[in-house]
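One structure below.
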Amino acid sequence: EQGDPSELILNPMNNFELEDSEILVFQRIILGMTNEQIANDLGLATQTIKNTVSSIFQKAETATLKEVSSRAALIAVAIRHGEIFVVEK
């Protein structure tokens, strides 16, 4: 099981300046979902998800002035910058 995206919230300050649709995708990236899984979960085309993921990477790099070359690096940067919180239910 990959978890529930609703248990993950991002920093309300939104330093990465993500749009609502990007937040939905980012939550699923954090849970380890593939582009195809995210597309199925959100009812969107895989290419739409790929474009959104690229946008998230660019915004993270702009906000942190660091190159983000993988999903793991994206998550690590987000944690270091206080962008990710886990809500216990």
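In the structure tokens, each chain is lettered A, B, ... as it comes, each chain's residues begin at 1, and ligands are numbered from 1 in order of appearance.
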
Subject >> Residue contacts of A:Asp41 (12 Å, only C-alpha atoms) excluding same-chain residues fewer than 3 positions away, as a list in words >> reply: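 Non-adjacent residues within range: Asp4, Pro5, Leu24, Val25, Gln27, Arg28, Ile29, Met33, Thr34, Asn35, Glu36, Gln37, Ile38, Leu44, Ala45, Thr46 and Ile49 of chain A.
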
Original post:
Leaving out stretch 58-68 of chain A and any residue of its chain fewer than 6 positions from it, which residues lie within 8 Å of it when counting only C-alpha atoms, given as a VMD selection string?
Top reply: chain A and resid 15 to 18 74 77 to 78 81

Original post:
Can you tell me how far atom CA of A:Ala76 sits from atom CA of A:Gly43, in Å to one decimal?
Top reply: 27.4 Å

**OP:** Please return as a PyMOL selection string: the residues of stretch 4-76 of chain A that backbone DSSP assigns to alpha helix (DSSP H).
**Re:** chain A and resi 20-30+35-42+46-64+71-76

**OP:** Rank nothing, just name the residue among A:Ser54, A:Thr48, A:Ser21, A:Phe26 nearest to A:Ile84, using only C-alpha atoms.
**Re:**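 Using only C-alpha atoms, A:Ile84 sits closest to A:Phe26.
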
Original post:
What is the atom CA of A:Ser70-atom CA of A:Asn40 distance in Å, reported with one decimal?
Top reply: 21.6 Å
